[in-house]
Structure formats: structure tokens, C-alpha cells
Amino acid sequence: MDYRKLLGKVESAVLPYFGGGTVDAPSRRLRITQPVTPGWWRFEVKGRQATAREPALAEGLESLPRVRGHLWGTRLVREGAVAESLALMPEEEPPRLSPVTARRWHDGTLLFEGVEFEGEAEEVARRALEEDRPLGDARGVGASLRAAFGFAVLEAASRGTGIPFAPREARARVLDVAREGRAAAELCLRGLADERARFLRMQAEQEARRDAEARDAARALAVREQETRRDASAREMARALTGRERETWETRRDASARETARALETWGGQGLTPGERWRAEAELGAWVERALDKAGARLLSHRRLGSGLLEVIYTFMGERFVTVVEAATLRVRDAGVCLAGADAAVTLESLPSVLKEAIDTDALVITRHV
């Protein structure tokens with residue numbers, strides 16, 4: 001067999017493109033050679049690369065699992081008060097709280113399919129939402145419609161209070177919000193705000209303790225320096241140690257991250273050409289994408305923050321997360337969620353499993369809403 005012919009084989013496939021650097025075929029993930037507008041496209045596929053050639057009509061939806069629920073913004077709210085983002089929504093926005101159907105694509109994304117026939121319950125829910133009334137125990141209002149109503153009330157309360165929320169954070173309370181109305185929504189949001197504030201206080205206390213330990217160590221070394229002043233070599237050693245102990249806990253945290261920061265800052269001095277720099281950035285992006293892909297997450301974007309740090313934005317289980325990691329190791333510096341101070345114990349690849357546990361137990365609290 002001539003493997004060169006196999007590797008050079010060009011195929012045609014109609015696939016939905018959601019944006020970003022990849023597109024998912026039924027059996028594999030392909031890298032886009034040139035981003036285009038999200039939608040259905042006919043792609044030319046060669047190996048692991050796909051090139052969009054022309055817009056196309058949707059194909060193969062009939063064989064995909066169908067999901068039913070009610071519309072909240074651009075999300076489908078289904079059983080269990082799970083609100084999932086809908087991809088490729090129509091230009092004409094359906095009425096809010098409409099009963100809708102979607103098809104689940106091979107990568108888990110929900111593709112909008114259509115609006116179903118609605119009954120009296122949807123109109124009852126819309127009227128209550130317009131009049132800022134709770135649903136109470138209104139008859140005939142199913143669980144998915146109640147949850148969609150609750151999320152809509154939370155959204156309105158969020159605008160009024162300035163407290164952001166993600167559906168996964170409020171899922172356990174959303175039916176109570178639907179039954180009791182705006183007061184319950186504001187109580188839920190303030191609870192989230194209190195939890196985030198508590199987490200930030202804990203972070204500040206941990207940093208203060210580390211700084212205090214560093215100062216205590218520096219003072220102890222200064223005392224030893226005085227005691228060993230007669231010995232010049234001991235005195236020089238003490239001064240060196242004191243200098244190192246005076247470094248902040250952040251700069252002592254990981255030597256590899258510091259080396260990465262210095263390397264990035266001196267790129268120009270090392271004589272990297274624009275082409276070499278572009279390749280280095282592409283390799284970093286591919287590494288981040290592979291780490292997330294292994295964990296079942298999808299990379300949206302990343303950017304350098306300086307000091308060897310990288311901000312990574314990605315989606316996982318229908319939610320959007322923002323995490324800061326070390327570019328050299330992908331070790332987490334700020335997970336963007338409450339981890340009780342254990343951020344540095346996980347990497348970008350292992351973090352999604354922690355997020356899944358938090359989501360499954362309704363313990364998710366997001367601290368970085370960007």
C-alpha cells in the first residue's frame with residue numbers, strides 16, 4: 001500500500017462550525033486552516049486539517065439525539081434545571097420561554113432545531129415574568145419551564161444588583177426562585193456574593209501568612225548574621241540567604257515559571273524573528289488546547305499576562321470558565337472558582353474533573369466572571 005496516497009487523500013464533509021480553531025467531525029476533531037463565520041460549511045478535509053469552502057445546509061441531524069426543553073436567552077433549559085448553550089440560533093429570535101428542540105452534536109454541543117407547539121403554561125409564565133410576579137404553585141407549568149422562568153428572574157435580579165451568576169451556580173435554588181420570585185433571586189445572588197467574598201478573604205489571609213512567615217525567617221536570619229559577624233564567609237552566606245528569604249512567596253513559588261518569564265521578556269534580545277515568535281505562540285496554544293481537549297473542555301482563547309502567566313478561557317459542561325495558569329507548566333495559579341486555596345494543587349488538564357465534581361454536587365462558585 002502506498003501510504004503517501006492515503007495521507008494525501010482529500011475528503012469533503014458538511015459540518016457545523018462554532019468558532020475557534022477546531023471543528024468536530026463524527027469521529028475526530030479537525031484543525032481549521034482559516035476561521036470563518038460560525039454556521040454550516042462544506043469543508044475540504046485533508047488529514048487532520050479542514051478548510052471551509054462554501055456555506056452549506058445542515059446534514060445528518062436526524063440521526064442525532066434530540067433534546068427538549070424551554071428557551072432562556074440562548075440556552076435550552078432541560079430536566080434537572082440544566083441550562084445548556086444553543087449553537088447556531090436562527091436570525092429571528094424565538095419568544096422567550098418557548099418550548100424548543102435541539103440535536104446533540106458529536107462533541108456534545110446542542111444545535112438549535114426548532115420551536116415546538118406551546119400551550120397555556122408558557123403564556124402564564126411569560127405574563128408572570130412581565131408583571132414581576134412569582135409562579136407560586138401555578139398548575140400545568142412543567143419542571144423545565146419553571147427552571148427557565150427561575151433563570152430569567154435571576155437574570156433580571158442580577159442586572160439590578162450587579163451580582164453576576166452562572167446557571168450551574170444557581171441550579172440548586174432556581175425552582176425556589178421560580179416559586180417565590182425576585183426576593184428569593186436576590187437572596188440567592190447575595191449568597192453567591194458572600195461566598196466569593198469569603199474566598200477572596202481567605203486568599204488574602206493566606207498571602208498575609210506567607211508574607212509574615214517570610215518576614216519572620218528574614219528576622220531570624222538577621223539575628224544569625226549578627227552572631228556570625230566575626231566570620232566573613234558566614235556573614236556573606238547569611239546575607240545571601242537573607243536576600244533569598246526576603247523574596248515574596250509569589251516569586252519563590254516555582255522556578256520554572258520564573259525562567260519562563262525571563263525568557264519571554266528577553267525574546268527580543270535572543271533575536272527571535274517574527275516567524276519564530278509566531279511559531280512559539282502557536283505551539284503554546286496547541287499545548288493548551290491538547291490539555292483541555294483531553295479533559296473534555298474546549299478552548300475559546302488565551303492571552304499572556306506577563307510574569308510567565310497565561311489567561312485561558314474555555315467551556316466545560318456548558319459553562320464558560322477563566323483560569324490563570326503558569327505558561328511553563330500549565331499549573332493553576334487562579335482556577336477562577338472557589339477551590340478552598342488549593343488552586344496550585346491542580347493543572348489545566350486536571351482542573352475540569354474538579355469542576356465536574358463541583359457542578360455535580362451543586363457546589364460550584366465562580367470567582368472570575370469575564
# chains A, B, ... in the order shown; residues from 1 in each chain; ligands from 1

call {"tool": "residues_around", "arguments": {"residues": "Thr323 of chain A", "least_positions_apart": "5", "cutoff": "7 Å", "atoms": "only C-alpha atoms", "output": "PyMOL selection string"}}
result
chain A and resi 311-313+334-336

call {"tool": "residues_around", "arguments": {"residues": "Glu116 of chain A", "least_positions_apart": "2", "cutoff": "8 Å", "atoms": "only C-alpha atoms", "output": "ChimeraX atom specification"}}
result
/A:98-101,114,118

call {"tool": "write_last_selection", "arguments": {"atoms": "C-alpha atoms", "output": "compact mmCIF listing (two decimals), in the first residue's frame"}}
result
# COMPACT_ATOMS: atom_id res chain seq x y z
CA SER A 98 -40.65 28.91 24.18
CA PRO A 99 -40.60 25.09 24.11
CA VAL A 100 -37.71 24.19 21.82
CA THR A 101 -35.85 21.16 20.50
CA GLY A 114 -36.87 24.42 16.17
CA GLU A 118 -46.78 25.70 23.01

call {"tool": "closest_atom_pairs", "arguments": {"of": "segment 161-201 of chain A", "to": "segment 82-93 of chain A", "cutoff": "10 Å", "atoms": "only C-alpha atoms", "output": "JSON lines"}}
result
{"residue": "A:Ala166", "atom": "CA", "partner": "A:Ala83", "partner_atom": "CA", "distance": 9.6}
{"residue": "A:Pro167", "atom": "CA", "partner": "A:Ala83", "partner_atom": "CA", "distance": 6.4}
{"residue": "A:Arg168", "atom": "CA", "partner": "A:Val82", "partner_atom": "CA", "distance": 7.4}
{"residue": "A:Arg171", "atom": "CA", "partner": "A:Val82", "partner_atom": "CA", "distance": 7.0}
{"residue": "A:Ala172", "atom": "CA", "partner": "A:Val82", "partner_atom": "CA", "distance": 9.9}

call {"tool": "residues_around", "arguments": {"residues": "Thr347 of chain A", "least_positions_apart": "2", "cutoff": "8 Å", "atoms": "only C-alpha atoms", "output": "list of chain:residue names"}}
result
A:Val325, A:Leu330, A:Arg331, A:Val332, A:Ala344, A:Ala345, A:Glu349, A:Ser350, A:Leu351

call {"tool": "write_last_selection", "arguments": {"atoms": "C-alpha atoms", "output": "mmCIF file, in the first residue's frame"}}
result
data_model
loop_
_atom_site.group_PDB
_atom_site.id
_atom_site.type_symbol
_atom_site.label_atom_id
_atom_site.label_comp_id
_atom_site.auth_asym_id
_atom_site.auth_seq_id
_atom_site.Cartn_x
_atom_site.Cartn_y
_atom_site.Cartn_z
ATOM 1 C CA VAL A 325 -2.007 29.179 34.711
ATOM 2 C CA LEU A 330 0.120 24.791 32.955
ATOM 3 C CA ARG A 331 -0.088 24.601 36.732
ATOM 4 C CA VAL A 332 -3.063 26.589 38.007
ATOM 5 C CA ALA A 344 -1.817 25.223 42.880
ATOM 6 C CA ALA A 345 -2.587 21.523 43.512
ATOM 7 C CA GLU A 349 -5.624 19.206 32.437
ATOM 8 C CA SER A 350 -6.885 18.009 35.834
ATOM 9 C CA LEU A 351 -8.980 21.088 36.706
#

call {"tool": "residues_around", "arguments": {"residues": "Leu97 of chain A", "least_positions_apart": "2", "cutoff": "8 Å", "atoms": "only C-alpha atoms", "output": "PDB file with N, CA and C atoms, in the first residue's frame"}}
result
ATOM      1  N   HIS A  70     -37.002  24.324  27.451  1.00  0.00           N
ATOM      2  CA  HIS A  70     -37.564  25.657  27.253  1.00  0.00           C
ATOM      3  C   HIS A  70     -36.442  26.678  27.104  1.00  0.00           C
ATOM      4  N   LEU A  71     -36.733  27.730  26.345  1.00  0.00           N
ATOM      5  CA  LEU A  71     -35.715  28.701  25.960  1.00  0.00           C
ATOM      6  C   LEU A  71     -35.556  29.782  27.013  1.00  0.00           C
ATOM      7  N   TRP A  72     -34.299  29.996  27.404  1.00  0.00           N
ATOM      8  CA  TRP A  72     -33.928  31.141  28.238  1.00  0.00           C
ATOM      9  C   TRP A  72     -32.748  31.816  27.554  1.00  0.00           C
ATOM     10  N   PRO A  95     -39.769  33.527  20.787  1.00  0.00           N
ATOM     11  CA  PRO A  95     -40.275  34.148  22.024  1.00  0.00           C
ATOM     12  C   PRO A  95     -39.621  33.506  23.244  1.00  0.00           C
ATOM     13  N   PRO A  99     -41.056  26.491  24.114  1.00  0.00           N
ATOM     14  CA  PRO A  99     -40.604  25.088  24.112  1.00  0.00           C
ATOM     15  C   PRO A  99     -39.804  24.839  22.836  1.00  0.00           C
ATOM     16  N   GLU A 122     -46.898  28.257  28.921  1.00  0.00           N
ATOM     17  CA  GLU A 122     -45.873  29.218  28.501  1.00  0.00           C
ATOM     18  C   GLU A 122     -46.384  30.654  28.597  1.00  0.00           C
ATOM     19  N   ALA A 125     -46.447  31.741  32.243  1.00  0.00           N
ATOM     20  CA  ALA A 125     -45.096  32.065  32.720  1.00  0.00           C
ATOM     21  C   ALA A 125     -44.626  33.404  32.171  1.00  0.00           C
ATOM     22  N   ARG A 126     -44.900  33.673  30.888  1.00  0.00           N
ATOM     23  CA  ARG A 126     -44.487  34.951  30.297  1.00  0.00           C
ATOM     24  C   ARG A 126     -45.195  36.112  30.982  1.00  0.00           C
ATOM     25  N   LEU A 145     -39.902  24.403  32.239  1.00  0.00           N
ATOM     26  CA  LEU A 145     -40.427  25.764  32.106  1.00  0.00           C
ATOM     27  C   LEU A 145     -40.244  26.531  33.415  1.00  0.00           C
ATOM     28  N   ALA A 148     -36.585  27.537  33.567  1.00  0.00           N
ATOM     29  CA  ALA A 148     -36.293  28.630  32.642  1.00  0.00           C
ATOM     30  C   ALA A 148     -36.831  29.950  33.197  1.00  0.00           C
ATOM     31  N   PHE A 149     -38.029  29.905  33.782  1.00  0.00           N
ATOM     32  CA  PHE A 149     -38.603  31.101  34.423  1.00  0.00           C
ATOM     33  C   PHE A 149     -37.708  31.568  35.569  1.00  0.00           C
TER      34      PHE A 149
END
